[in-house]
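**Q** Just so it is clear, I am handing over model-v6.csv, which has CSV, C-alpha atoms.
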chain,number,residue,atom,x,y,z
S,548,ILE,CA,16.1,-43.7,-18.0
S,549,LEU,CA,16.8,-39.9,-18.3
S,550,ASN,CA,15.5,-37.5,-15.6
S,551,VAL,CA,14.3,-34.3,-17.1
S,552,GLU,CA,12.6,-32.1,-14.5
S,553,GLN,CA,10.8,-28.9,-14.7
S,554,SER,CA,9.8,-26.4,-12.1
S,555,PRO,CA,7.5,-25.1,-11.0
S,556,GLN,CA,4.7,-27.5,-12.0
S,557,SER,CA,2.3,-24.6,-12.4
S,558,LEU,CA,2.4,-20.8,-12.2
S,559,HIS,CA,-0.2,-18.1,-12.0
S,560,VAL,CA,0.8,-14.6,-13.0
S,561,GLN,CA,-0.9,-11.4,-13.8
S,562,GLU,CA,-0.9,-9.9,-17.3
S,563,GLY,CA,2.2,-7.8,-17.7
S,564,ASP,CA,4.3,-9.8,-15.2
S,565,SER,CA,7.6,-11.3,-16.4
S,566,THR,CA,8.2,-14.9,-15.4
S,567,ASN,CA,10.7,-17.7,-15.8
S,568,PHE,CA,10.9,-21.4,-15.2
S,569,THR,CA,13.5,-24.1,-15.1
S,570,CYS,CA,14.3,-27.3,-16.9
S,571,SER,CA,17.0,-29.6,-15.4
S,572,PHE,CA,18.6,-32.4,-17.3
S,573,PRO,CA,21.6,-34.7,-17.1
S,574,SER,CA,24.7,-32.7,-17.8
S,575,SER,CA,26.7,-35.7,-19.1
S,576,ASN,CA,26.3,-36.8,-22.8
S,577,PHE,CA,24.5,-33.6,-23.7
S,578,TYR,CA,23.2,-33.4,-27.3
S,579,ALA,CA,20.6,-30.7,-27.4
S,580,LEU,CA,17.6,-29.3,-25.4
S,581,HIS,CA,14.2,-28.6,-27.0
S,582,TRP,CA,11.6,-26.2,-25.7
S,583,TYR,CA,7.9,-26.6,-26.7
S,584,ARG,CA,4.8,-24.6,-26.0
S,585,TRP,CA,1.6,-26.7,-25.7
S,586,GLU,CA,-1.8,-24.9,-25.6
S,587,THR,CA,-4.9,-26.8,-24.5
S,588,ALA,CA,-6.5,-28.7,-27.3
S,589,LYS,CA,-3.6,-28.1,-29.6
S,590,SER,CA,-0.4,-29.9,-30.4
S,591,PRO,CA,3.1,-29.1,-29.0
S,592,GLU,CA,4.6,-26.2,-30.9
S,593,ALA,CA,8.4,-26.0,-31.1
S,594,LEU,CA,10.0,-22.9,-29.6
S,595,PHE,CA,13.7,-23.5,-29.5
S,596,VAL,CA,16.4,-26.1,-30.0
S,597,MET,CA,19.5,-25.3,-28.0
S,598,THR,CA,22.8,-27.0,-28.5
S,599,LEU,CA,25.7,-25.0,-27.1
S,600,ASN,CA,26.6,-24.1,-23.6
S,601,GLY,CA,25.8,-20.4,-23.0
S,602,ASP,CA,23.3,-20.5,-25.9
S,603,GLU,CA,20.6,-17.8,-25.8
S,604,LYS,CA,17.6,-17.9,-28.0
S,605,LYS,CA,14.8,-15.4,-28.4
S,606,LYS,CA,11.3,-15.4,-30.1
S,607,GLY,CA,9.3,-12.3,-29.5
S,608,ARG,CA,8.8,-12.0,-25.7
S,609,ILE,CA,10.1,-15.5,-25.0
S,610,SER,CA,13.7,-16.3,-24.5
S,611,ALA,CA,15.8,-19.2,-23.2
S,612,THR,CA,19.3,-19.8,-21.9
S,613,LEU,CA,21.3,-22.9,-21.6
S,614,ASN,CA,23.9,-24.2,-19.1
S,615,THR,CA,25.1,-27.6,-20.2
S,616,LYS,CA,27.8,-27.9,-17.5
S,617,GLU,CA,25.3,-27.7,-14.7
S,618,GLY,CA,22.4,-29.2,-16.6
S,619,TYR,CA,19.7,-26.5,-16.7
S,620,SER,CA,17.9,-24.2,-19.0
S,621,TYR,CA,15.7,-21.2,-18.2
S,622,LEU,CA,12.7,-20.1,-20.2
S,623,TYR,CA,11.8,-16.4,-19.7
S,624,ILE,CA,8.6,-14.7,-20.7
S,625,LYS,CA,8.6,-10.9,-20.6
S,626,GLY,CA,5.4,-9.0,-20.0
S,627,SER,CA,3.1,-12.1,-20.0
S,628,GLN,CA,-0.1,-11.9,-21.9
S,629,PRO,CA,-3.2,-14.1,-21.5
S,630,GLU,CA,-2.4,-15.8,-24.9
S,631,ASP,CA,0.9,-17.0,-23.3
S,632,SER,CA,-1.2,-19.4,-21.1
S,633,ALA,CA,0.0,-22.8,-22.0
S,634,THR,CA,2.1,-25.7,-20.8
S,635,TYR,CA,5.8,-25.2,-21.5
S,636,LEU,CA,7.7,-28.4,-22.0
S,637,CYS,CA,11.4,-29.1,-22.3
S,638,ALA,CA,12.8,-32.3,-23.9
S,639,PHE,CA,16.1,-34.0,-24.0
S,640,PRO,CA,17.1,-36.2,-26.9
S,641,TYR,CA,18.1,-39.6,-25.7
S,642,ARG,CA,20.8,-41.2,-27.9
S,643,ALA,CA,21.6,-40.2,-31.4
S,644,GLY,CA,18.2,-41.3,-32.6
S,645,ASN,CA,16.6,-38.1,-31.3
S,646,MET,CA,13.9,-39.8,-29.2
S,647,LEU,CA,12.8,-37.1,-26.9
S,648,THR,CA,12.4,-37.5,-23.2
S,649,PHE,CA,10.0,-34.8,-22.0
S,650,GLY,CA,9.8,-33.1,-18.7
S,651,GLY,CA,6.5,-32.9,-16.9
S,652,GLY,CA,6.0,-29.3,-18.1
S,653,THR,CA,5.3,-26.0,-16.4
S,654,ARG,CA,1.6,-24.9,-16.7
S,655,LEU,CA,1.5,-21.1,-17.0
S,656,MET,CA,-1.8,-19.3,-16.5
S,657,VAL,CA,-1.8,-15.5,-17.2
S,658,LYS,CA,-4.7,-13.6,-15.7
S,659,PRO,CA,-6.0,-10.5,-17.5
B,554,ASP,CA,-0.4,-25.7,-38.5
B,555,SER,CA,2.7,-27.9,-38.3
B,556,GLY,CA,2.2,-29.6,-41.6
B,557,VAL,CA,1.8,-33.0,-39.9
B,558,THR,CA,-1.6,-34.6,-40.3
B,559,GLN,CA,-3.1,-37.3,-38.2
B,560,THR,CA,-6.3,-39.3,-38.6
B,561,PRO,CA,-8.7,-39.9,-37.1
B,562,LYS,CA,-9.0,-37.0,-34.5
B,563,HIS,CA,-11.1,-39.1,-32.1
B,564,LEU,CA,-11.5,-42.8,-31.8
B,565,ILE,CA,-13.8,-44.6,-29.4
B,566,THR,CA,-13.6,-48.4,-29.2
B,567,ALA,CA,-14.1,-51.3,-26.8
B,568,THR,CA,-11.6,-53.4,-24.9
B,569,GLY,CA,-10.1,-56.2,-26.9
B,570,GLN,CA,-10.4,-54.3,-30.2
B,571,ARG,CA,-7.7,-53.3,-32.6
B,572,VAL,CA,-7.3,-49.8,-34.1
B,573,THR,CA,-5.0,-48.1,-36.6
B,574,LEU,CA,-3.8,-44.5,-36.3
B,575,ARG,CA,-2.5,-42.8,-39.3
B,576,CYS,CA,0.1,-40.0,-39.7
B,577,SER,CA,1.4,-38.1,-42.7
B,578,PRO,CA,4.7,-36.2,-42.0
B,579,ARG,CA,5.6,-32.8,-43.3
B,580,SER,CA,6.6,-32.7,-46.9
B,581,GLY,CA,10.2,-33.8,-47.2
B,582,ASP,CA,10.6,-35.1,-43.6
B,583,LEU,CA,11.9,-38.7,-43.5
B,584,SER,CA,11.6,-39.4,-39.8
B,585,VAL,CA,8.3,-40.1,-38.0
B,586,TYR,CA,8.0,-40.4,-34.2
B,587,TRP,CA,5.0,-41.7,-32.2
B,588,TYR,CA,4.3,-40.4,-28.7
B,589,GLN,CA,1.7,-41.3,-26.1
B,590,GLN,CA,0.2,-38.8,-23.6
B,591,SER,CA,-1.8,-40.6,-20.9
B,592,LEU,CA,-3.8,-38.8,-18.2
B,593,ASP,CA,-1.3,-39.5,-15.4
B,594,GLN,CA,1.9,-39.4,-17.5
B,595,GLY,CA,3.8,-36.9,-19.6
B,596,LEU,CA,4.6,-37.3,-23.3
B,597,GLN,CA,6.2,-40.7,-23.7
B,598,PHE,CA,8.2,-41.7,-26.7
B,599,LEU,CA,6.9,-44.9,-28.4
B,600,ILE,CA,8.8,-45.6,-31.6
B,601,GLN,CA,10.7,-43.8,-34.4
B,602,TYR,CA,10.9,-44.6,-38.1
B,603,TYR,CA,13.3,-43.2,-40.7
B,604,ASN,CA,12.7,-43.7,-44.4
B,605,GLY,CA,10.8,-46.9,-43.8
B,606,GLU,CA,13.0,-48.4,-41.2
B,607,GLU,CA,12.6,-48.6,-37.5
B,608,ARG,CA,15.3,-46.6,-35.8
B,609,ALA,CA,14.5,-46.4,-32.1
B,610,LYS,CA,12.0,-47.9,-29.7
B,611,GLY,CA,10.8,-46.6,-26.4
B,612,ASN,CA,8.4,-48.1,-23.9
B,613,ILE,CA,6.2,-49.5,-26.6
B,614,LEU,CA,4.0,-52.4,-25.6
B,615,GLU,CA,4.2,-55.7,-27.5
B,616,ARG,CA,0.5,-55.2,-28.4
B,617,PHE,CA,1.5,-52.0,-30.3
B,618,SER,CA,3.3,-52.0,-33.6
B,619,ALA,CA,4.0,-49.4,-36.3
B,620,GLN,CA,5.3,-49.1,-39.8
B,621,GLN,CA,6.3,-46.4,-42.3
B,622,PHE,CA,5.3,-46.9,-45.9
B,623,PRO,CA,7.2,-45.9,-49.1
B,624,ASP,CA,5.2,-42.7,-49.3
B,625,LEU,CA,6.5,-42.0,-45.8
B,626,HIS,CA,3.2,-42.0,-44.0
B,627,SER,CA,3.1,-44.1,-40.9
B,628,GLU,CA,0.6,-46.2,-39.1
B,629,LEU,CA,0.4,-47.1,-35.4
B,630,ASN,CA,-1.5,-50.3,-34.8
B,631,LEU,CA,-2.9,-50.9,-31.3
B,632,SER,CA,-4.4,-54.3,-30.6
B,633,SER,CA,-6.0,-56.2,-27.7
B,634,LEU,CA,-6.9,-52.7,-26.3
B,635,GLU,CA,-7.2,-52.2,-22.6
B,636,LEU,CA,-8.8,-49.3,-20.7
B,637,GLY,CA,-5.3,-48.0,-19.8
B,638,ASP,CA,-4.5,-47.5,-23.5
B,639,SER,CA,-6.9,-44.5,-23.5
B,640,ALA,CA,-4.6,-41.6,-24.3
B,641,LEU,CA,-3.7,-38.9,-26.8
B,642,TYR,CA,-1.4,-40.3,-29.5
B,643,PHE,CA,0.9,-37.8,-31.2
B,644,CYS,CA,2.9,-38.2,-34.3
B,645,ALA,CA,5.8,-35.9,-35.0
B,646,SER,CA,8.2,-35.6,-38.0
B,647,SER,CA,11.6,-34.2,-38.6
B,648,ALA,CA,14.1,-34.1,-41.4
B,649,SER,CA,16.7,-36.6,-40.3
B,650,PRO,CA,17.6,-38.8,-37.4
B,651,LEU,CA,21.4,-38.7,-38.1
B,652,THR,CA,23.8,-37.1,-35.8
B,653,SER,CA,22.8,-33.6,-36.9
B,654,GLY,CA,19.2,-34.8,-36.4
B,655,ILE,CA,19.6,-34.6,-32.6
B,656,ALA,CA,19.0,-30.9,-32.9
B,657,ASP,CA,16.3,-31.3,-35.5
B,658,THR,CA,13.0,-29.8,-34.5
B,659,GLN,CA,10.2,-32.3,-34.3
B,660,TYR,CA,6.9,-31.0,-35.6
B,661,PHE,CA,3.9,-32.5,-33.9
B,662,GLY,CA,0.6,-33.4,-35.5
B,663,PRO,CA,-2.8,-32.6,-33.9
B,664,GLY,CA,-3.0,-36.0,-32.2
B,665,THR,CA,-5.6,-38.8,-32.1
B,666,ARG,CA,-7.6,-39.1,-28.9
B,667,LEU,CA,-8.3,-42.8,-28.2
B,668,THR,CA,-10.9,-43.7,-25.7
B,669,VAL,CA,-11.2,-47.4,-24.8
B,670,LEU,CA,-14.5,-48.3,-23.1
Now, as a test, write the supplied structure out as C-alpha coordinates.
**A**
Amino acid sequence: ILNVEQSPQSLHVQEGDSTNFTCSFPSSNFYALHWYRWETAKSPEALFVMTLNGDEKKKGRISATLNTKEGYSYLYIKGSQPEDSATYLCAFPYRAGNMLTFGGGTRLMVKP
Amino acid sequence: DSGVTQTPKHLITATGQRVTLRCSPRSGDLSVYWYQQSLDQGLQFLIQYYNGEERAKGNILERFSAQQFPDLHSELNLSSLELGDSALYFCASSASPLTSGIADTQYFGPGTRLTVL
(Lines of atoms letter the chains of each structure in order from A and count residues from 1; the text may use other names and numbers.)
(Lines give C-alpha, C1' and ligand atoms only; values in the text may rest on other atoms or scores of the structure.)
Protein backbone atom coordinates (compact mmCIF):
# COMPACT_ATOMS: atom_id res chain seq x y z
CA ILE A 1 0.00 0.00 0.00
CA LEU A 2 1.43 3.36 -1.02
CA ASN A 3 1.65 6.18 1.47
CA VAL A 4 0.84 9.54 -0.07
CA GLU A 5 0.61 12.26 2.54
CA GLN A 6 -0.41 15.87 2.26
CA SER A 7 0.10 18.68 4.70
CA PRO A 8 -1.42 20.68 6.11
CA GLN A 9 -4.89 19.11 6.16
CA SER A 10 -6.48 22.53 6.00
CA LEU A 11 -5.40 26.09 5.59
CA HIS A 12 -7.18 29.42 6.06
CA VAL A 13 -5.62 32.43 4.36
CA GLN A 14 -6.64 35.97 3.54
CA GLU A 15 -7.25 37.12 0.00
CA GLY A 16 -3.93 38.21 -1.48
CA ASP A 17 -1.80 35.89 0.64
CA SER A 18 0.52 33.47 -1.07
CA THR A 19 0.52 29.95 0.22
CA ASN A 20 2.02 26.55 -0.35
CA PHE A 21 1.41 22.98 0.67
CA THR A 22 3.22 19.68 0.49
CA CYS A 23 2.69 16.24 -0.96
CA SER A 24 5.00 13.42 0.20
CA PHE A 25 5.23 10.15 -1.68
CA PRO A 26 7.50 7.08 -1.89
CA SER A 27 10.71 8.09 -3.64
CA SER A 28 11.40 4.59 -4.96
CA ASN A 29 9.75 3.42 -8.21
CA PHE A 30 8.65 6.92 -9.11
CA TYR A 31 6.45 7.15 -12.18
CA ALA A 32 4.65 10.48 -12.02
CA LEU A 33 2.82 12.78 -9.65
CA HIS A 34 -0.57 14.28 -10.35
CA TRP A 35 -2.10 17.39 -8.77
CA TYR A 36 -5.86 17.96 -8.78
CA ARG A 37 -8.08 20.77 -7.60
CA TRP A 38 -11.45 19.74 -6.18
CA GLU A 39 -14.12 22.34 -5.54
CA THR A 40 -17.12 21.49 -3.41
CA ALA A 41 -19.95 19.90 -5.40
CA LYS A 42 -17.75 19.52 -8.47
CA SER A 43 -15.41 16.83 -9.76
CA PRO A 44 -11.61 16.81 -9.36
CA GLU A 45 -9.98 18.95 -12.01
CA ALA A 46 -6.50 18.07 -13.26
CA LEU A 47 -3.86 20.74 -12.62
CA PHE A 48 -0.51 19.15 -13.38
CA VAL A 49 1.19 15.86 -14.14
CA MET A 50 4.84 15.94 -13.15
CA THR A 51 7.33 13.33 -14.23
CA LEU A 52 10.91 14.57 -13.94
CA ASN A 53 12.98 15.43 -10.90
CA GLY A 54 13.24 19.20 -10.70
CA ASP A 55 10.10 19.63 -12.81
CA GLU A 56 8.31 22.93 -12.38
CA LYS A 57 4.84 23.52 -13.78
CA LYS A 58 2.76 26.67 -13.81
CA LYS A 59 -0.88 27.46 -14.54
CA GLY A 60 -1.81 31.07 -13.88
CA ARG A 61 -1.12 31.81 -10.22
CA ILE A 62 -0.63 28.15 -9.34
CA SER A 63 2.72 26.41 -9.69
CA ALA A 64 4.24 23.16 -8.54
CA THR A 65 7.71 21.72 -8.06
CA LEU A 66 8.88 18.15 -7.81
CA ASN A 67 11.72 16.43 -5.96
CA THR A 68 11.65 12.72 -6.77
CA LYS A 69 14.86 11.92 -4.86
CA GLU A 70 13.44 13.01 -1.55
CA GLY A 71 9.83 12.22 -2.41
CA TYR A 72 7.95 15.50 -2.22
CA SER A 73 6.14 18.04 -4.32
CA TYR A 74 5.10 21.56 -3.39
CA LEU A 75 2.07 23.39 -4.73
CA TYR A 76 2.20 27.18 -4.57
CA ILE A 77 -0.61 29.67 -4.99
CA LYS A 78 0.42 33.28 -5.46
CA GLY A 79 -1.98 36.00 -4.36
CA SER A 80 -4.80 33.68 -3.26
CA GLN A 81 -8.32 34.59 -4.35
CA PRO A 82 -11.63 33.37 -2.86
CA GLU A 83 -12.19 31.31 -6.01
CA ASP A 84 -9.03 29.33 -5.14
CA SER A 85 -10.91 27.85 -2.19
CA ALA A 86 -10.94 24.12 -2.83
CA THR A 87 -9.31 20.88 -1.79
CA TYR A 88 -5.99 20.25 -3.50
CA LEU A 89 -5.16 16.60 -4.03
CA CYS A 90 -1.98 14.93 -5.10
CA ALA A 91 -1.97 11.41 -6.51
CA PHE A 92 0.71 8.84 -7.20
CA PRO A 93 0.23 6.22 -9.90
CA TYR A 94 0.66 2.72 -8.53
CA ARG A 95 2.16 0.32 -11.02
CA ALA A 96 2.12 0.80 -14.74
CA GLY A 97 -1.65 0.61 -14.87
CA ASN A 98 -1.95 4.20 -13.73
CA MET A 99 -4.25 3.45 -10.81
CA LEU A 100 -3.95 6.57 -8.70
CA THR A 101 -3.39 6.57 -4.96
CA PHE A 102 -4.61 9.89 -3.62
CA GLY A 103 -3.39 11.80 -0.63
CA GLY A 104 -5.92 13.07 1.88
CA GLY A 105 -5.86 16.54 0.37
CA THR A 106 -5.25 20.05 1.65
CA ARG A 107 -8.43 22.06 2.09
CA LEU A 108 -7.75 25.70 1.30
CA MET A 109 -10.15 28.43 2.36
CA VAL A 110 -9.46 31.97 1.17
CA LYS A 111 -11.27 34.73 3.06
CA PRO A 112 -12.14 37.90 1.15
CA ASP B 1 -16.69 20.25 -18.15
CA SER B 2 -14.25 17.35 -18.42
CA GLY B 3 -16.17 15.56 -21.17
CA VAL B 4 -16.80 12.53 -18.94
CA THR B 5 -20.47 11.93 -18.20
CA GLN B 6 -22.00 9.91 -15.41
CA THR B 7 -25.57 8.92 -14.71
CA PRO B 8 -27.49 9.13 -12.53
CA LYS B 9 -26.33 12.11 -10.46
CA HIS B 10 -28.06 10.88 -7.35
CA LEU B 11 -29.33 7.47 -6.36
CA ILE B 12 -31.19 6.56 -3.21
CA THR B 13 -31.88 2.93 -2.52
CA ALA B 14 -32.35 0.44 0.28
CA THR B 15 -30.02 -2.11 1.82
CA GLY B 16 -29.86 -5.38 -0.07
CA GLN B 17 -30.66 -3.78 -3.41
CA ARG B 18 -28.61 -3.68 -6.59
CA VAL B 19 -27.77 -0.58 -8.63
CA THR B 20 -25.91 0.22 -11.83
CA LEU B 21 -23.87 3.36 -12.34
CA ARG B 22 -23.03 4.43 -15.84
CA CYS B 23 -20.06 6.30 -17.27
CA SER B 24 -19.24 7.59 -20.74
CA PRO B 25 -15.57 8.51 -21.20
CA ARG B 26 -14.23 11.47 -23.12
CA SER B 27 -14.28 11.02 -26.85
CA GLY B 28 -11.26 8.97 -27.89
CA ASP B 29 -10.29 7.83 -24.38
CA LEU B 30 -9.89 4.07 -24.10
CA SER B 31 -9.32 3.78 -20.35
CA VAL B 32 -11.99 4.09 -17.71
CA TYR B 33 -11.34 4.15 -13.97
CA TRP B 34 -13.79 3.93 -11.09
CA TYR B 35 -13.14 5.60 -7.73
CA GLN B 36 -15.09 5.71 -4.49
CA GLN B 37 -15.18 8.64 -2.07
CA SER B 38 -16.65 7.69 1.28
CA LEU B 39 -17.28 10.15 4.13
CA ASP B 40 -14.36 8.97 6.20
CA GLN B 41 -11.96 8.07 3.39
CA GLY B 42 -10.21 9.80 0.54
CA LEU B 43 -10.64 8.88 -3.08
CA GLN B 44 -10.09 5.13 -3.39
CA PHE B 45 -9.36 3.39 -6.66
CA LEU B 46 -11.75 0.54 -7.44
CA ILE B 47 -11.10 -0.79 -10.93
CA GLN B 48 -9.75 0.12 -14.37
CA TYR B 49 -10.75 -0.98 -17.85
CA TYR B 50 -8.93 -0.44 -21.09
CA ASN B 51 -10.67 -0.98 -24.41
CA GLY B 52 -13.07 -3.49 -22.92
CA GLU B 53 -10.63 -5.42 -20.77
CA GLU B 54 -10.03 -5.23 -17.05
CA ARG B 55 -6.54 -3.85 -16.42
CA ALA B 56 -6.20 -3.19 -12.71
CA LYS B 57 -8.16 -3.83 -9.56
CA GLY B 58 -8.01 -1.93 -6.31
CA ASN B 59 -9.89 -2.58 -3.10
CA ILE B 60 -13.10 -3.45 -4.87
CA LEU B 61 -15.56 -5.58 -2.93
CA GLU B 62 -16.72 -8.89 -4.40
CA ARG B 63 -20.27 -7.48 -4.37
CA PHE B 64 -19.12 -4.88 -6.89
CA SER B 65 -18.37 -5.54 -10.53
CA ALA B 66 -17.79 -3.47 -13.62
CA GLN B 67 -17.56 -3.82 -17.34
CA GLN B 68 -16.65 -1.73 -20.35
CA PHE B 69 -18.69 -2.13 -23.50
CA PRO B 70 -17.61 -2.00 -27.17
CA ASP B 71 -18.71 1.65 -27.38
CA LEU B 72 -16.32 2.24 -24.42
CA HIS B 73 -18.94 3.27 -21.91
CA SER B 74 -18.62 1.53 -18.57
CA GLU B 75 -20.99 0.36 -15.89
CA LEU B 76 -20.31 -0.26 -12.22
CA ASN B 77 -22.69 -2.73 -10.64
CA LEU B 78 -23.14 -2.68 -6.87
CA SER B 79 -25.17 -5.47 -5.31
CA SER B 80 -26.37 -6.53 -1.87
CA LEU B 81 -25.94 -2.93 -0.86
CA GLU B 82 -25.02 -2.03 2.69
CA LEU B 83 -25.21 1.27 4.53
CA GLY B 84 -21.45 1.60 4.27
CA ASP B 85 -21.64 1.63 0.49
CA SER B 86 -23.10 5.13 0.62
CA ALA B 87 -20.50 7.26 -1.14
CA LEU B 88 -19.67 9.40 -4.12
CA TYR B 89 -18.62 7.23 -7.07
CA PHE B 90 -16.45 8.85 -9.70
CA CYS B 91 -15.55 7.65 -13.12
CA ALA B 92 -12.45 8.99 -14.85
CA SER B 93 -11.03 8.42 -18.31
CA SER B 94 -7.65 8.75 -19.95
CA ALA B 95 -6.17 8.04 -23.32
CA SER B 96 -4.05 4.98 -22.56
CA PRO B 97 -2.89 2.81 -19.66
CA LEU B 98 0.37 1.81 -21.34
CA THR B 99 3.76 2.86 -19.96
CA SER B 100 3.28 6.35 -21.26
CA GLY B 101 -0.15 6.27 -19.69
CA ILE B 102 1.34 6.59 -16.23
CA ALA B 103 1.60 10.30 -16.94
CA ASP B 104 -1.75 10.50 -18.68
CA THR B 105 -4.14 12.93 -17.10
CA GLN B 106 -7.26 11.29 -15.77
CA TYR B 107 -10.39 13.37 -16.39
CA PHE B 108 -13.09 12.96 -13.80
CA GLY B 109 -16.82 12.89 -14.34
CA PRO B 110 -19.30 14.69 -12.08
CA GLY B 111 -19.86 11.61 -9.92
CA THR B 112 -22.87 9.66 -8.75
CA ARG B 113 -23.90 10.12 -5.15
CA LEU B 114 -25.27 6.86 -3.80
CA THR B 115 -27.27 6.84 -0.60
CA VAL B 116 -28.19 3.49 0.91
CA LEU B 117 -30.96 3.69 3.52
**Q** Please provide as a PDB file with C-alpha atoms, keeping the file's coordinate frame all residues within 7 Å of Leu594 in chain S, with the sequence filter that same-chain residues fewer than 5 positions apart are discarded (counting all atoms listed in the file).
**A**
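Full text of result12.pdb as output:
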ATOM      1  CA  TRP S 582      11.600 -26.200 -25.700  1.00  0.00           C
ATOM      2  CA  TYR S 583       7.900 -26.600 -26.700  1.00  0.00           C
ATOM      3  CA  ARG S 584       4.800 -24.600 -26.000  1.00  0.00           C
TER       4      ARG S 584
END
**Q** Using CA of Cys570 in chain S and CA of Pro640 in chain S as the two end points, give the distance in Å to one decimal.
**A**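 Answer for the CA of Cys570 in chain S to CA of Pro640 in chain S separation: 13.7 Å.
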**Q** Using all atoms listed in the file, find the residues of chain B whose closest atom to chain S is at most 10 Å away, then write them as an MDAnalysis selection string.
**A** chainID B and resid 554:555 584 586:588 594:603 608:611 643:645 647 649:664
**Q** List every protein, DNA or RNA residue that has at least one atom no more than 10 Å from (-0.2, -41.5, -19.2) in the file's coordinates, counting all atoms listed in the file, and write the result as a list in words.
**A**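 Checked against the point, the hits come out as Gln589, Gln590, Ser591, Leu592, Asp593, Gln594, Gly595, Leu596, Gln597, Gly637, Asp638, Ser639, Ala640 and Leu641 of chain B.
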**Q** Residues at most 10 Å from Glu630 in chain S, counting only C-alpha atoms, excluding those fewer than 5 positions away in the same chain, as a PyMOL selection string?
**A** chain S and resi 562+586+656-659
**Q** Could you tell me how far CA of Thr587 in chain S lies from CA of Ala633 in chain S, in Å and to one decimal?
**A**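 Here the two named atoms are 6.8 Å from each other.
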**Q** Grab the CA of Asn604 in chain B to CA of Gln621 in chain B distance for me, in Å with one decimal place.
**A**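 Separating CA of Asn604 in chain B from CA of Gln621 in chain B is a distance of 7.3 Å.
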**Q** Select, from B:Glu628, B:Asp582, B:Glu635, B:Glu606, the residue with the minimum atom-to-atom distance to Gly556 in chain B, counting all atoms listed in the file.
**A**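 Between B:Glu628, B:Asp582, B:Glu635, B:Glu606, the residue approaching Gly556 in chain B most closely is B:Asp582.
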**Q** Residues near Gly563 in chain S, anyone? I mean within 7 Å using only C-alpha atoms, not counting same-chain ones fewer than 6 positions away, as a PyMOL selection string.
**A** chain S and resi 626-628
**Q** Need the neighbours of (-6.9, -55.7, -29.9): which residues are at most 12 Å away, counting only C-alpha atoms, as a list in words?
**A**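 Applying the cut-off with only C-alpha atoms, one gets Thr566, Ala567, Thr568, Gly569, Gln570, Arg571, Val572, Thr573, Glu615, Arg616, Phe617, Ser618, Asn630, Leu631, Ser632, Ser633, Leu634, Glu635, Leu636, Asp638 and Val669 of chain B.
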**Q** Write out as a PyMOL selection string each polymer residue whose atoms come within 8 Å of range 600-609 of chain S, counting all atoms listed in the file; drop sequence neighbours fewer than 5 positions from it.
**A** chain S and resi 594-595+614-616+622-626
**Q** If I wrap all listed atoms of range 559-578 of chain B in a box with edges along x, y and z and add 5 Å on each side, what are its centre and edge lengths in Å to one decimal, as AutoDock Vina command-line options?
**A**
--center_x -4.7 --center_y -46.2 --center_z -33.8 --size_x 28.8 --size_y 30.0 --size_z 27.8
